[in-house]
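J.: Got a file for you: run.cif, mmCIF, C-alpha atoms.
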data_start
loop_
_atom_site.label_atom_id
_atom_site.label_comp_id
_atom_site.auth_asym_id
_atom_site.auth_seq_id
_atom_site.Cartn_x
_atom_site.Cartn_y
_atom_site.Cartn_z
CA MET A 713 -91.24 16.95 -146.72
CA THR A 714 -91.36 20.17 -144.75
CA ALA A 715 -87.63 20.56 -144.19
CA PRO A 716 -85.88 23.31 -146.11
CA ALA A 717 -84.05 21.80 -149.04
CA GLN A 718 -81.70 24.73 -149.37
CA PRO A 719 -79.64 26.54 -146.77
CA ALA A 720 -81.92 28.70 -144.73
CA SER A 721 -81.04 31.68 -142.68
CA GLY A 722 -82.79 32.12 -139.39
CA ALA A 723 -82.46 30.44 -136.03
CA ALA A 724 -79.18 28.70 -135.41
CA GLU A 725 -80.90 25.35 -135.03
CA ASP A 726 -83.04 25.39 -138.16
CA TRP A 727 -80.96 22.45 -139.35
CA LEU A 728 -81.99 20.44 -136.30
CA ALA A 729 -85.66 21.27 -136.82
CA ALA A 730 -85.46 19.42 -140.16
CA LEU A 731 -85.00 16.16 -138.27
CA ARG A 732 -88.05 14.12 -137.42
CA PHE A 733 -87.36 12.31 -134.18
CA ASP A 734 -89.66 9.43 -133.23
CA ASP A 735 -92.01 9.46 -130.25
CA GLN A 736 -89.07 8.56 -128.01
CA GLY A 737 -87.08 11.50 -129.32
CA LEU A 738 -84.72 9.31 -131.34
CA ILE A 739 -83.59 9.08 -134.95
CA PRO A 740 -81.71 6.15 -136.56
CA ALA A 741 -78.14 6.88 -137.65
CA ILE A 742 -76.31 4.62 -140.09
CA ALA A 743 -72.51 4.66 -139.91
CA GLN A 744 -70.76 3.93 -143.20
CA ASP A 745 -67.01 3.70 -143.74
CA ALA A 746 -66.12 6.80 -145.76
CA LYS A 747 -63.40 5.06 -147.73
CA THR A 748 -64.74 1.55 -148.40
CA GLY A 749 -68.48 2.19 -148.29
CA THR A 750 -68.96 -0.68 -145.85
CA VAL A 751 -72.01 -0.18 -143.64
CA LEU A 752 -70.63 -0.69 -140.16
CA MET A 753 -73.58 -0.26 -137.81
CA MET A 754 -76.84 1.48 -137.12
CA ALA A 755 -77.58 3.13 -133.80
CA TRP A 756 -79.83 5.86 -132.46
CA MET A 757 -79.36 9.54 -131.68
CA ASN A 758 -81.37 12.00 -129.68
CA ALA A 759 -81.13 15.73 -130.29
CA ASP A 760 -78.22 16.13 -127.87
CA ALA A 761 -76.33 13.31 -129.56
CA VAL A 762 -76.83 14.93 -132.95
CA ARG A 763 -75.71 18.32 -131.62
CA GLU A 764 -72.57 16.90 -130.03
CA THR A 765 -71.75 14.85 -133.13
CA VAL A 766 -71.95 17.98 -135.27
CA ARG A 767 -70.01 20.08 -132.78
CA THR A 768 -67.18 17.63 -132.14
CA GLY A 769 -66.97 15.72 -135.43
CA ARG A 770 -67.12 12.45 -133.52
CA ALA A 771 -70.12 10.12 -133.54
CA VAL A 772 -72.22 10.30 -130.39
CA TYR A 773 -75.23 8.02 -130.11
CA TYR A 774 -77.94 7.53 -127.54
CA SER A 775 -77.84 4.18 -125.78
CA ARG A 776 -81.40 3.03 -125.23
CA SER A 777 -80.35 0.37 -122.72
CA ARG A 778 -78.25 2.77 -120.68
CA ALA A 779 -80.55 5.72 -121.28
CA ARG A 780 -77.66 8.09 -121.77
CA LEU A 781 -75.37 9.51 -124.43
CA TRP A 782 -72.95 6.97 -125.81
CA ARG A 783 -69.79 8.56 -127.06
CA LYS A 784 -68.71 5.84 -129.46
CA GLY A 785 -65.24 4.66 -128.45
CA GLU A 786 -65.42 6.17 -124.97
CA GLU A 787 -64.17 2.91 -123.45
CA SER A 788 -62.65 1.06 -126.41
CA GLY A 789 -60.93 4.03 -128.01
CA HIS A 790 -62.65 3.07 -131.26
CA VAL A 791 -64.04 6.50 -131.95
CA GLN A 792 -65.68 7.44 -135.23
CA GLN A 793 -64.51 10.55 -137.05
CA VAL A 794 -67.43 12.02 -138.95
CA HIS A 795 -66.80 13.41 -142.43
CA ASP A 796 -70.31 13.84 -143.77
CA ILE A 797 -73.82 13.77 -142.34
CA ARG A 798 -76.73 13.11 -144.65
CA LEU A 799 -80.46 13.24 -144.09
CA ASP A 800 -83.06 11.26 -145.99
CA CYS A 801 -86.09 12.57 -147.86
CA ASP A 802 -88.42 12.16 -144.90
CA GLY A 803 -85.96 13.68 -142.47
CA ASP A 804 -86.17 10.66 -140.23
CA VAL A 805 -82.91 8.80 -140.91
CA LEU A 806 -79.31 10.01 -140.75
CA LEU A 807 -76.35 8.60 -142.68
CA LEU A 808 -72.84 9.27 -141.41
CA LYS A 809 -69.70 8.84 -143.47
CA ILE A 810 -67.01 8.04 -140.95
CA THR A 811 -63.51 6.83 -140.30
CA GLN A 812 -63.59 4.03 -137.76
CA ILE A 813 -60.52 4.36 -135.56
CA GLY A 814 -59.12 0.93 -134.75
CA GLY A 815 -61.03 -0.61 -137.63
CA ILE A 816 -63.57 -2.19 -135.28
CA ALA A 817 -67.11 -0.88 -134.98
CA CYS A 818 -68.77 -3.89 -133.34
CA HIS A 819 -68.61 -4.77 -129.66
CA THR A 820 -67.93 -8.38 -130.72
CA GLY A 821 -64.53 -7.27 -132.01
CA ARG A 822 -65.54 -7.34 -135.66
CA GLU A 823 -65.21 -4.63 -138.28
CA ARG A 824 -68.97 -4.22 -138.52
CA CYS A 825 -72.11 -5.27 -136.72
CA PHE A 826 -73.60 -6.82 -139.88
CA TYR A 827 -71.47 -9.95 -139.75
CA ARG A 828 -74.26 -12.49 -140.27
CA SER A 829 -75.68 -13.28 -143.68
CA LEU A 830 -78.83 -15.23 -144.48
CA ASP A 831 -77.85 -18.48 -146.17
CA LEU A 832 -80.57 -19.58 -148.59
CA ASP A 833 -78.69 -22.48 -150.15
CA GLY A 834 -79.78 -25.15 -147.70
CA GLY A 835 -83.27 -26.24 -146.78
CA ALA A 836 -84.44 -23.61 -144.33
CA PRO A 837 -82.76 -20.19 -144.37
CA ALA A 838 -80.04 -19.83 -141.73
CA TRP A 839 -77.85 -17.01 -140.44
CA THR A 840 -74.18 -17.69 -140.99
CA VAL A 841 -71.28 -15.73 -139.58
CA GLN A 842 -69.26 -14.22 -142.42
CA ASP A 843 -66.81 -11.90 -140.72
CA PRO A 844 -63.88 -12.74 -138.45
CA VAL A 845 -63.33 -11.44 -134.94
CA LEU A 846 -60.39 -9.07 -135.35
CA LYS A 847 -59.78 -8.52 -131.65
CA ASP A 848 -60.98 -10.30 -128.53
CA PRO A 849 -63.60 -8.07 -126.85
CA ASP A 850 -61.90 -8.80 -123.50
CA THR A 851 -58.81 -7.11 -124.89
CA ILE A 852 -60.78 -4.18 -126.20
CA TYR A 853 -62.67 -3.46 -123.03
CA GLY A 854 -60.48 -4.97 -120.32
CA HIS A 855 -61.05 -8.20 -118.43
CA SER A 856 -62.55 -6.65 -115.37
CA HIS A 857 -65.53 -5.22 -117.20
CA ALA A 858 -68.55 -6.80 -118.65
CA HIS A 859 -68.47 -5.77 -122.29
CA PRO A 860 -69.93 -2.31 -122.22
CA HIS A 861 -72.20 -2.92 -125.11
CA PRO A 862 -74.90 -0.30 -125.16
CA GLY A 863 -77.20 -3.19 -126.16
CA GLY A 864 -80.10 -2.59 -128.42
CA HIS A 865 -77.88 0.26 -129.64
CA MET B 194 -77.07 -11.53 -128.25
CA THR B 195 -79.32 -14.55 -127.99
CA ALA B 196 -79.64 -15.30 -131.68
CA PRO B 197 -77.85 -18.39 -132.97
CA ALA B 198 -74.60 -17.35 -134.61
CA GLN B 199 -74.32 -20.54 -136.62
CA PRO B 200 -76.86 -22.34 -138.79
CA ALA B 201 -79.31 -24.13 -136.58
CA SER B 202 -81.48 -27.02 -137.49
CA GLY B 203 -84.99 -27.08 -136.11
CA ALA B 204 -88.13 -25.20 -136.96
CA ALA B 205 -88.27 -23.74 -140.45
CA GLU B 206 -88.51 -20.20 -139.07
CA ASP B 207 -85.62 -20.32 -136.62
CA TRP B 208 -83.98 -17.71 -138.83
CA LEU B 209 -86.90 -15.34 -138.29
CA ALA B 210 -86.81 -15.86 -134.53
CA ALA B 211 -83.31 -14.33 -134.55
CA LEU B 212 -84.82 -10.99 -135.48
CA ARG B 213 -85.77 -8.59 -132.74
CA PHE B 214 -88.75 -6.58 -133.90
CA ASP B 215 -89.65 -3.43 -131.97
CA ASP B 216 -92.83 -3.00 -129.97
CA GLN B 217 -94.68 -2.18 -133.18
CA GLY B 218 -93.47 -5.40 -134.76
CA LEU B 219 -91.02 -3.60 -137.05
CA ILE B 220 -87.31 -3.79 -137.83
CA PRO B 221 -85.27 -1.21 -139.78
CA ALA B 222 -83.90 -2.38 -143.13
CA ILE B 223 -81.09 -0.51 -144.89
CA ALA B 224 -80.90 -0.90 -148.67
CA GLN B 225 -77.41 -0.63 -150.12
CA ASP B 226 -76.48 -0.80 -153.79
CA ALA B 227 -74.71 -4.13 -154.20
CA LYS B 228 -72.31 -2.83 -156.81
CA THR B 229 -71.44 0.70 -155.75
CA GLY B 230 -71.98 0.44 -151.99
CA THR B 231 -74.17 3.54 -152.02
CA VAL B 232 -76.69 3.54 -149.19
CA LEU B 233 -79.98 4.20 -150.97
CA MET B 234 -82.63 4.26 -148.25
CA MET B 235 -83.79 2.90 -144.95
CA ALA B 236 -87.30 1.62 -144.42
CA TRP B 237 -89.11 -0.77 -142.10
CA MET B 238 -90.20 -4.37 -142.33
CA ASN B 239 -92.61 -6.46 -140.34
CA ALA B 240 -92.33 -10.25 -140.18
CA ASP B 241 -94.48 -10.71 -143.29
CA ALA B 242 -92.36 -8.23 -145.23
CA VAL B 243 -89.21 -10.09 -144.24
CA ARG B 244 -90.72 -13.44 -145.19
CA GLU B 245 -91.87 -12.19 -148.59
CA THR B 246 -88.52 -10.51 -149.26
CA VAL B 247 -86.72 -13.77 -148.56
CA ARG B 248 -89.19 -15.84 -150.56
CA THR B 249 -89.31 -13.62 -153.65
CA GLY B 250 -85.87 -12.02 -153.69
CA ARG B 251 -87.46 -8.60 -154.00
CA ALA B 252 -87.51 -6.01 -151.23
CA VAL B 253 -90.84 -5.72 -149.48
CA TYR B 254 -91.21 -3.14 -146.73
CA TYR B 255 -93.96 -2.17 -144.35
CA SER B 256 -95.40 1.28 -144.92
CA ARG B 257 -96.17 2.82 -141.56
CA SER B 258 -98.30 5.58 -143.08
CA ARG B 259 -100.38 3.17 -145.17
CA ALA B 260 -100.27 0.41 -142.57
CA ARG B 261 -99.71 -2.27 -145.18
CA LEU B 262 -96.99 -4.12 -147.05
CA TRP B 263 -95.15 -1.94 -149.50
CA ARG B 264 -93.74 -3.94 -152.39
CA LYS B 265 -91.02 -1.55 -153.45
CA GLY B 266 -91.57 -0.61 -157.07
CA GLU B 267 -95.17 -1.80 -157.14
CA GLU B 268 -96.24 1.45 -158.81
CA SER B 269 -92.99 2.88 -160.17
CA GLY B 270 -91.52 -0.37 -161.46
CA HIS B 271 -88.39 0.47 -159.48
CA VAL B 272 -88.14 -2.87 -157.73
CA GLN B 273 -85.14 -3.91 -155.69
CA GLN B 274 -83.54 -7.28 -156.39
CA VAL B 275 -82.07 -8.60 -153.17
CA HIS B 276 -78.70 -10.34 -153.31
CA ASP B 277 -77.75 -10.56 -149.66
CA ILE B 278 -79.50 -10.02 -146.32
CA ARG B 279 -77.43 -9.28 -143.27
CA LEU B 280 -78.36 -9.02 -139.61
CA ASP B 281 -76.54 -6.98 -137.00
CA CYS B 282 -75.09 -8.14 -133.70
CA ASP B 283 -78.21 -7.27 -131.73
CA GLY B 284 -80.54 -8.80 -134.29
CA ASP B 285 -82.48 -5.57 -134.58
CA VAL B 286 -81.31 -4.10 -137.89
CA LEU B 287 -81.24 -5.64 -141.38
CA LEU B 288 -78.90 -4.68 -144.23
CA LEU B 289 -79.89 -5.58 -147.79
CA LYS B 290 -77.51 -5.64 -150.74
CA ILE B 291 -79.66 -4.87 -153.73
CA THR B 292 -79.85 -3.95 -157.37
CA GLN B 293 -82.12 -0.95 -157.80
CA ILE B 294 -84.01 -1.40 -161.03
CA GLY B 295 -84.37 1.95 -162.81
CA GLY B 296 -81.55 3.43 -160.74
CA ILE B 297 -83.97 5.44 -158.62
CA ALA B 298 -84.73 4.49 -155.01
CA CYS B 299 -86.24 7.77 -153.79
CA HIS B 300 -89.77 8.96 -154.42
CA THR B 301 -88.34 12.38 -155.28
CA GLY B 302 -86.81 10.85 -158.43
CA ARG B 303 -83.29 10.71 -157.04
CA GLU B 304 -80.94 7.75 -156.87
CA ARG B 305 -81.10 7.70 -153.09
CA CYS B 306 -83.07 9.18 -150.25
CA PHE B 307 -79.95 10.57 -148.57
CA TYR B 308 -79.57 13.50 -150.96
CA ARG B 309 -79.09 16.24 -148.36
CA SER B 310 -75.77 16.87 -146.68
CA LEU B 311 -75.08 19.03 -143.65
CA ASP B 312 -73.02 22.01 -144.71
CA LEU B 313 -70.78 23.16 -141.87
CA ASP B 314 -68.78 25.72 -143.79
CA GLY B 315 -71.05 28.68 -143.21
CA GLY B 316 -72.20 30.17 -139.94
CA ALA B 317 -74.98 27.90 -138.81
CA PRO B 318 -75.10 24.33 -140.19
CA ALA B 319 -77.50 23.94 -143.12
CA TRP B 320 -78.82 21.05 -145.18
CA THR B 321 -77.86 21.33 -148.82
CA VAL B 322 -79.17 19.23 -151.69
CA GLN B 323 -76.30 17.29 -153.24
CA ASP B 324 -77.96 14.91 -155.66
CA PRO B 325 -79.87 15.67 -158.88
CA VAL B 326 -83.40 14.62 -159.68
CA LEU B 327 -82.95 11.94 -162.34
CA LYS B 328 -86.60 11.66 -163.27
CA ASP B 329 -89.65 13.80 -162.58
CA PRO B 330 -91.77 11.98 -159.98
CA ASP B 331 -94.85 12.83 -162.07
CA THR B 332 -93.35 10.75 -164.85
CA ILE B 333 -92.53 7.92 -162.49
CA TYR B 334 -95.93 7.65 -160.90
CA GLY B 335 -98.25 9.18 -163.47
CA HIS B 336 -99.89 12.59 -163.39
CA SER B 337 -103.24 11.44 -162.10
CA HIS B 338 -101.84 10.18 -158.81
CA ALA B 339 -100.53 11.92 -155.83
CA HIS B 340 -97.00 10.62 -155.43
CA PRO B 341 -97.54 7.31 -153.70
CA HIS B 342 -94.83 7.90 -151.21
CA PRO B 343 -95.28 5.52 -148.31
CA GLY B 344 -94.29 8.52 -146.18
CA GLY B 345 -92.32 8.00 -143.04
CA HIS B 346 -91.27 4.84 -144.86
#
Let me see the file written as C-alpha cells.
T.:
Amino acid sequence: MTAPAQPASGAAEDWLAALRFDDQGLIPAIAQDAKTGTVLMMAWMNADAVRETVRTGRAVYYSRSRARLWRKGEESGHVQQVHDIRLDCDGDVLLLKITQIGGIACHTGRERCFYRSLDLDGGAPAWTVQDPVLKDPDTIYGHSHAHPHPGGH
Amino acid sequence: MTAPAQPASGAAEDWLAALRFDDQGLIPAIAQDAKTGTVLMMAWMNADAVRETVRTGRAVYYSRSRARLWRKGEESGHVQQVHDIRLDCDGDVLLLKITQIGGIACHTGRERCFYRSLDLDGGAPAWTVQDPVLKDPDTIYGHSHAHPHPGGH
C-alpha cells in the first residue's frame, strides 16, 4: 500500500494518485444505499469519472460499451447523490454511499442490479429472480429508445 | 442480458454459464456482512473459485498476484461463511452475503478493506483512515511470515 493513509498536503490531486486504475484506466465502484446498506450495483470509473463524481456529488461512471462517461440518471433521472467515497486497502476499489433518486438503480426497473440469487435447494444450482420490477423500463426511458443500458457497466 | 432469469433445467453447470468472466477469466465478487450490511471487501474469482465457493459454502477467491486460488482465511483462520450468492443484471459481478469469522476481513487487521474515506472538508480532497486496527497483522499471520496479502486481491 503506497497511498498516504493520512491527509497529505501537496499537489491538489494527491488523492487521485492513491487510486490504482487497471490497465484500461478503470477502477470498480460499488454503489451502496446510504440508508439501508443495500448494495445496488457495481460499475466502473475512469479518472475523469472519479473527478466529476467528487466535484458534483453525483455518481459518474465510465460506460465500457459506449466508451464514454455515463452520468448515472442522465436519461432516466435516477441520479445517485454521493454522501461518502471509500477506498480499499489496495487502492483499487471504490465504495460509494449514495441516495438513489427514484429508488431504481437497475436498467431493468429494479431497485438493484443484484436481483438474482443462486438457489442451492434443488438438484443443480440455479439463478432465481428475487426482486420485483418496480417500473417498466419502457416508462423509465421512453418507448422510442432502446433501453440505454451502458451494458457491461 | 442473455443469462436465464429463471431456473433452467439442463446441464449441471448452466448456472455457471450465466456468469460473464472477463478476458482474464475473472469476475469481481463483493463480500457483504450478512447481518450488518457492511461491505467488507471486493476480490476476484475464476470459475474454479466460484465452483468451490458454491460447493463448500466458504468464500474462495483467485489471487491475481499469486496466480492461484485463495481460500479466504487459509492462513488467518478468518474464513467467510457464504449465505447467499447474487448475480447482477449483466452477469458480470457477484455479491456474497457472508459471515466473517473473526470479524476481520482486511489483511491490515481491520473489519473491512474500505477503511479510508475521502475528506472533502479541507482544501484539496484527502483520504482519511476511519476504521481502527482490531488486531495486529503480525498476530494474525505470525511473525515469521510476510503478511500473506494476496495483493491486488
J.: Any chance you could lay chain B over chain A, fitting all C-alpha atoms in order by least squares, and write the moved chain as an mmCIF file with C-alpha atoms, keeping the file's coordinate frame?
T.:
data_model
loop_
_atom_site.group_PDB
_atom_site.id
_atom_site.type_symbol
_atom_site.label_atom_id
_atom_site.label_comp_id
_atom_site.auth_asym_id
_atom_site.auth_seq_id
_atom_site.Cartn_x
_atom_site.Cartn_y
_atom_site.Cartn_z
ATOM 1 C CA MET B 194 -91.313 16.643 -146.775
ATOM 2 C CA THR B 195 -91.497 19.873 -144.830
ATOM 3 C CA ALA B 196 -87.801 20.322 -144.186
ATOM 4 C CA PRO B 197 -86.048 23.104 -146.085
ATOM 5 C CA ALA B 198 -84.208 21.622 -149.042
ATOM 6 C CA GLN B 199 -81.880 24.583 -149.378
ATOM 7 C CA PRO B 200 -79.804 26.416 -146.784
ATOM 8 C CA ALA B 201 -82.058 28.617 -144.743
ATOM 9 C CA SER B 202 -81.088 31.607 -142.742
ATOM 10 C CA GLY B 203 -82.791 32.119 -139.415
ATOM 11 C CA ALA B 204 -82.439 30.477 -136.055
ATOM 12 C CA ALA B 205 -79.137 28.735 -135.422
ATOM 13 C CA GLU B 206 -80.871 25.369 -135.030
ATOM 14 C CA ASP B 207 -83.004 25.430 -138.164
ATOM 15 C CA TRP B 208 -80.908 22.493 -139.333
ATOM 16 C CA LEU B 209 -81.958 20.466 -136.296
ATOM 17 C CA ALA B 210 -85.623 21.304 -136.828
ATOM 18 C CA ALA B 211 -85.410 19.454 -140.163
ATOM 19 C CA LEU B 212 -84.961 16.203 -138.285
ATOM 20 C CA ARG B 213 -88.001 14.154 -137.431
ATOM 21 C CA PHE B 214 -87.338 12.340 -134.185
ATOM 22 C CA ASP B 215 -89.643 9.470 -133.230
ATOM 23 C CA ASP B 216 -91.976 9.520 -130.255
ATOM 24 C CA GLN B 217 -89.057 8.599 -128.013
ATOM 25 C CA GLY B 218 -87.061 11.539 -129.317
ATOM 26 C CA LEU B 219 -84.729 9.322 -131.349
ATOM 27 C CA ILE B 220 -83.576 9.091 -134.958
ATOM 28 C CA PRO B 221 -81.695 6.169 -136.554
ATOM 29 C CA ALA B 222 -78.130 6.906 -137.655
ATOM 30 C CA ILE B 223 -76.294 4.631 -140.094
ATOM 31 C CA ALA B 224 -72.494 4.668 -139.915
ATOM 32 C CA GLN B 225 -70.743 3.944 -143.196
ATOM 33 C CA ASP B 226 -67.001 3.702 -143.743
ATOM 34 C CA ALA B 227 -66.098 6.801 -145.736
ATOM 35 C CA LYS B 228 -63.405 5.056 -147.727
ATOM 36 C CA THR B 229 -64.713 1.567 -148.401
ATOM 37 C CA GLY B 230 -68.465 2.206 -148.287
ATOM 38 C CA THR B 231 -68.950 -0.664 -145.851
ATOM 39 C CA VAL B 232 -71.999 -0.178 -143.654
ATOM 40 C CA LEU B 233 -70.621 -0.678 -140.150
ATOM 41 C CA MET B 234 -73.579 -0.249 -137.808
ATOM 42 C CA MET B 235 -76.829 1.499 -137.123
ATOM 43 C CA ALA B 236 -77.573 3.146 -133.811
ATOM 44 C CA TRP B 237 -79.815 5.891 -132.466
ATOM 45 C CA MET B 238 -79.344 9.544 -131.667
ATOM 46 C CA ASN B 239 -81.348 12.019 -129.668
ATOM 47 C CA ALA B 240 -81.111 15.765 -130.284
ATOM 48 C CA ASP B 241 -78.196 16.150 -127.863
ATOM 49 C CA ALA B 242 -76.308 13.320 -129.548
ATOM 50 C CA VAL B 243 -76.800 14.955 -132.931
ATOM 51 C CA ARG B 244 -75.682 18.336 -131.619
ATOM 52 C CA GLU B 245 -72.548 16.906 -130.013
ATOM 53 C CA THR B 246 -71.720 14.865 -133.118
ATOM 54 C CA VAL B 247 -71.921 17.989 -135.253
ATOM 55 C CA ARG B 248 -69.980 20.099 -132.769
ATOM 56 C CA THR B 249 -67.147 17.637 -132.135
ATOM 57 C CA GLY B 250 -66.927 15.723 -135.403
ATOM 58 C CA ARG B 251 -67.107 12.454 -133.504
ATOM 59 C CA ALA B 252 -70.107 10.134 -133.529
ATOM 60 C CA VAL B 253 -72.194 10.314 -130.390
ATOM 61 C CA TYR B 254 -75.204 8.032 -130.096
ATOM 62 C CA TYR B 255 -77.924 7.539 -127.541
ATOM 63 C CA SER B 256 -77.835 4.204 -125.762
ATOM 64 C CA ARG B 257 -81.388 3.045 -125.224
ATOM 65 C CA SER B 258 -80.358 0.375 -122.719
ATOM 66 C CA ARG B 259 -78.257 2.777 -120.641
ATOM 67 C CA ALA B 260 -80.554 5.732 -121.260
ATOM 68 C CA ARG B 261 -77.654 8.108 -121.765
ATOM 69 C CA LEU B 262 -75.356 9.521 -124.419
ATOM 70 C CA TRP B 263 -72.962 6.971 -125.797
ATOM 71 C CA ARG B 264 -69.767 8.567 -127.058
ATOM 72 C CA LYS B 265 -68.684 5.847 -129.437
ATOM 73 C CA GLY B 266 -65.243 4.649 -128.429
ATOM 74 C CA GLU B 267 -65.410 6.162 -124.956
ATOM 75 C CA GLU B 268 -64.176 2.893 -123.443
ATOM 76 C CA SER B 269 -62.650 1.049 -126.398
ATOM 77 C CA GLY B 270 -60.914 4.020 -127.993
ATOM 78 C CA HIS B 271 -62.651 3.066 -131.233
ATOM 79 C CA VAL B 272 -64.035 6.508 -131.949
ATOM 80 C CA GLN B 273 -65.662 7.436 -135.226
ATOM 81 C CA GLN B 274 -64.485 10.565 -137.023
ATOM 82 C CA VAL B 275 -67.403 12.019 -138.932
ATOM 83 C CA HIS B 276 -66.766 13.414 -142.404
ATOM 84 C CA ASP B 277 -70.268 13.863 -143.751
ATOM 85 C CA ILE B 278 -73.799 13.786 -142.325
ATOM 86 C CA ARG B 279 -76.690 13.125 -144.636
ATOM 87 C CA LEU B 280 -80.431 13.277 -144.081
ATOM 88 C CA ASP B 281 -83.037 11.312 -145.987
ATOM 89 C CA CYS B 282 -86.051 12.615 -147.872
ATOM 90 C CA ASP B 283 -88.391 12.220 -144.916
ATOM 91 C CA GLY B 284 -85.934 13.732 -142.466
ATOM 92 C CA ASP B 285 -86.150 10.687 -140.239
ATOM 93 C CA VAL B 286 -82.900 8.828 -140.923
ATOM 94 C CA LEU B 287 -79.287 10.041 -140.753
ATOM 95 C CA LEU B 288 -76.329 8.618 -142.688
ATOM 96 C CA LEU B 289 -72.812 9.291 -141.406
ATOM 97 C CA LYS B 290 -69.652 8.867 -143.456
ATOM 98 C CA ILE B 291 -66.975 8.043 -140.944
ATOM 99 C CA THR B 292 -63.478 6.829 -140.292
ATOM 100 C CA GLN B 293 -63.565 4.030 -137.743
ATOM 101 C CA ILE B 294 -60.506 4.371 -135.566
ATOM 102 C CA GLY B 295 -59.104 0.926 -134.737
ATOM 103 C CA GLY B 296 -61.022 -0.626 -137.625
ATOM 104 C CA ILE B 297 -63.554 -2.204 -135.281
ATOM 105 C CA ALA B 298 -67.111 -0.873 -134.991
ATOM 106 C CA CYS B 299 -68.785 -3.876 -133.346
ATOM 107 C CA HIS B 300 -68.622 -4.778 -129.681
ATOM 108 C CA THR B 301 -67.962 -8.380 -130.717
ATOM 109 C CA GLY B 302 -64.544 -7.284 -132.028
ATOM 110 C CA ARG B 303 -65.564 -7.355 -135.675
ATOM 111 C CA GLU B 304 -65.215 -4.627 -138.272
ATOM 112 C CA ARG B 305 -68.970 -4.230 -138.519
ATOM 113 C CA CYS B 306 -72.119 -5.262 -136.742
ATOM 114 C CA PHE B 307 -73.614 -6.787 -139.893
ATOM 115 C CA TYR B 308 -71.494 -9.939 -139.768
ATOM 116 C CA ARG B 309 -74.288 -12.472 -140.287
ATOM 117 C CA SER B 310 -75.689 -13.263 -143.700
ATOM 118 C CA LEU B 311 -78.833 -15.203 -144.522
ATOM 119 C CA ASP B 312 -77.871 -18.446 -146.198
ATOM 120 C CA LEU B 313 -80.577 -19.548 -148.620
ATOM 121 C CA ASP B 314 -78.728 -22.444 -150.181
ATOM 122 C CA GLY B 315 -79.812 -25.114 -147.742
ATOM 123 C CA GLY B 316 -83.308 -26.196 -146.823
ATOM 124 C CA ALA B 317 -84.478 -23.583 -144.381
ATOM 125 C CA PRO B 318 -82.776 -20.153 -144.419
ATOM 126 C CA ALA B 319 -80.071 -19.798 -141.764
ATOM 127 C CA TRP B 320 -77.878 -16.988 -140.483
ATOM 128 C CA THR B 321 -74.207 -17.676 -141.025
ATOM 129 C CA VAL B 322 -71.288 -15.723 -139.601
ATOM 130 C CA GLN B 323 -69.284 -14.206 -142.445
ATOM 131 C CA ASP B 324 -66.818 -11.902 -140.745
ATOM 132 C CA PRO B 325 -63.889 -12.758 -138.447
ATOM 133 C CA VAL B 326 -63.339 -11.454 -134.954
ATOM 134 C CA LEU B 327 -60.401 -9.073 -135.346
ATOM 135 C CA LYS B 328 -59.809 -8.533 -131.655
ATOM 136 C CA ASP B 329 -60.997 -10.307 -128.525
ATOM 137 C CA PRO B 330 -63.603 -8.073 -126.854
ATOM 138 C CA ASP B 331 -61.916 -8.809 -123.509
ATOM 139 C CA THR B 332 -58.814 -7.133 -124.877
ATOM 140 C CA ILE B 333 -60.797 -4.196 -126.180
ATOM 141 C CA TYR B 334 -62.677 -3.468 -123.003
ATOM 142 C CA GLY B 335 -60.507 -4.992 -120.302
ATOM 143 C CA HIS B 336 -61.077 -8.212 -118.396
ATOM 144 C CA SER B 337 -62.570 -6.642 -115.312
ATOM 145 C CA HIS B 338 -65.570 -5.235 -117.154
ATOM 146 C CA ALA B 339 -68.563 -6.823 -118.620
ATOM 147 C CA HIS B 340 -68.488 -5.831 -122.270
ATOM 148 C CA PRO B 341 -69.933 -2.346 -122.199
ATOM 149 C CA HIS B 342 -72.192 -2.968 -125.098
ATOM 150 C CA PRO B 343 -74.877 -0.310 -125.161
ATOM 151 C CA GLY B 344 -77.182 -3.191 -126.113
ATOM 152 C CA GLY B 345 -80.049 -2.585 -128.442
ATOM 153 C CA HIS B 346 -77.837 0.289 -129.558
#
J.: For CA of Pro221 (chain B) and CA of Asp285 (chain B), quote the distance in Å rounded to one decimal.
T.: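 These atoms are spaced 7.3 Å apart.
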J.: If the PyMOL selection byres ((chain A) within 8 of (chain B)) is run on the structure shown, which residues does it catch, given as an MDAnalysis selection string?
T.: chainID A and resid 716:720 724:727 749:750 753:754 796:802 804:807 818 820 825:830 836:841 863:865
J.: Could you save the residues just selected, with C-alpha atoms, as a compact mmCIF listing (two decimals), in the frame of the given file?
T.:
# COMPACT_ATOMS: atom_id res chain seq x y z
CA PRO A 716 -85.88 23.31 -146.11
CA ALA A 717 -84.05 21.80 -149.04
CA GLN A 718 -81.70 24.73 -149.37
CA PRO A 719 -79.64 26.54 -146.77
CA ALA A 720 -81.92 28.70 -144.73
CA ALA A 724 -79.18 28.70 -135.41
CA GLU A 725 -80.90 25.35 -135.03
CA ASP A 726 -83.04 25.39 -138.16
CA TRP A 727 -80.96 22.45 -139.35
CA GLY A 749 -68.48 2.19 -148.29
CA THR A 750 -68.96 -0.68 -145.85
CA MET A 753 -73.58 -0.26 -137.81
CA MET A 754 -76.84 1.48 -137.12
CA ASP A 796 -70.31 13.84 -143.77
CA ILE A 797 -73.82 13.77 -142.34
CA ARG A 798 -76.73 13.11 -144.65
CA LEU A 799 -80.46 13.24 -144.09
CA ASP A 800 -83.06 11.26 -145.99
CA CYS A 801 -86.09 12.57 -147.86
CA ASP A 802 -88.42 12.16 -144.90
CA ASP A 804 -86.17 10.66 -140.23
CA VAL A 805 -82.91 8.80 -140.91
CA LEU A 806 -79.31 10.01 -140.75
CA LEU A 807 -76.35 8.60 -142.68
CA CYS A 818 -68.77 -3.89 -133.34
CA THR A 820 -67.93 -8.38 -130.72
CA CYS A 825 -72.11 -5.27 -136.72
CA PHE A 826 -73.60 -6.82 -139.88
CA TYR A 827 -71.47 -9.95 -139.75
CA ARG A 828 -74.26 -12.49 -140.27
CA SER A 829 -75.68 -13.28 -143.68
CA LEU A 830 -78.83 -15.23 -144.48
CA ALA A 836 -84.44 -23.61 -144.33
CA PRO A 837 -82.76 -20.19 -144.37
CA ALA A 838 -80.04 -19.83 -141.73
CA TRP A 839 -77.85 -17.01 -140.44
CA THR A 840 -74.18 -17.69 -140.99
CA VAL A 841 -71.28 -15.73 -139.58
CA GLY A 863 -77.20 -3.19 -126.16
CA GLY A 864 -80.10 -2.59 -128.42
CA HIS A 865 -77.88 0.26 -129.64
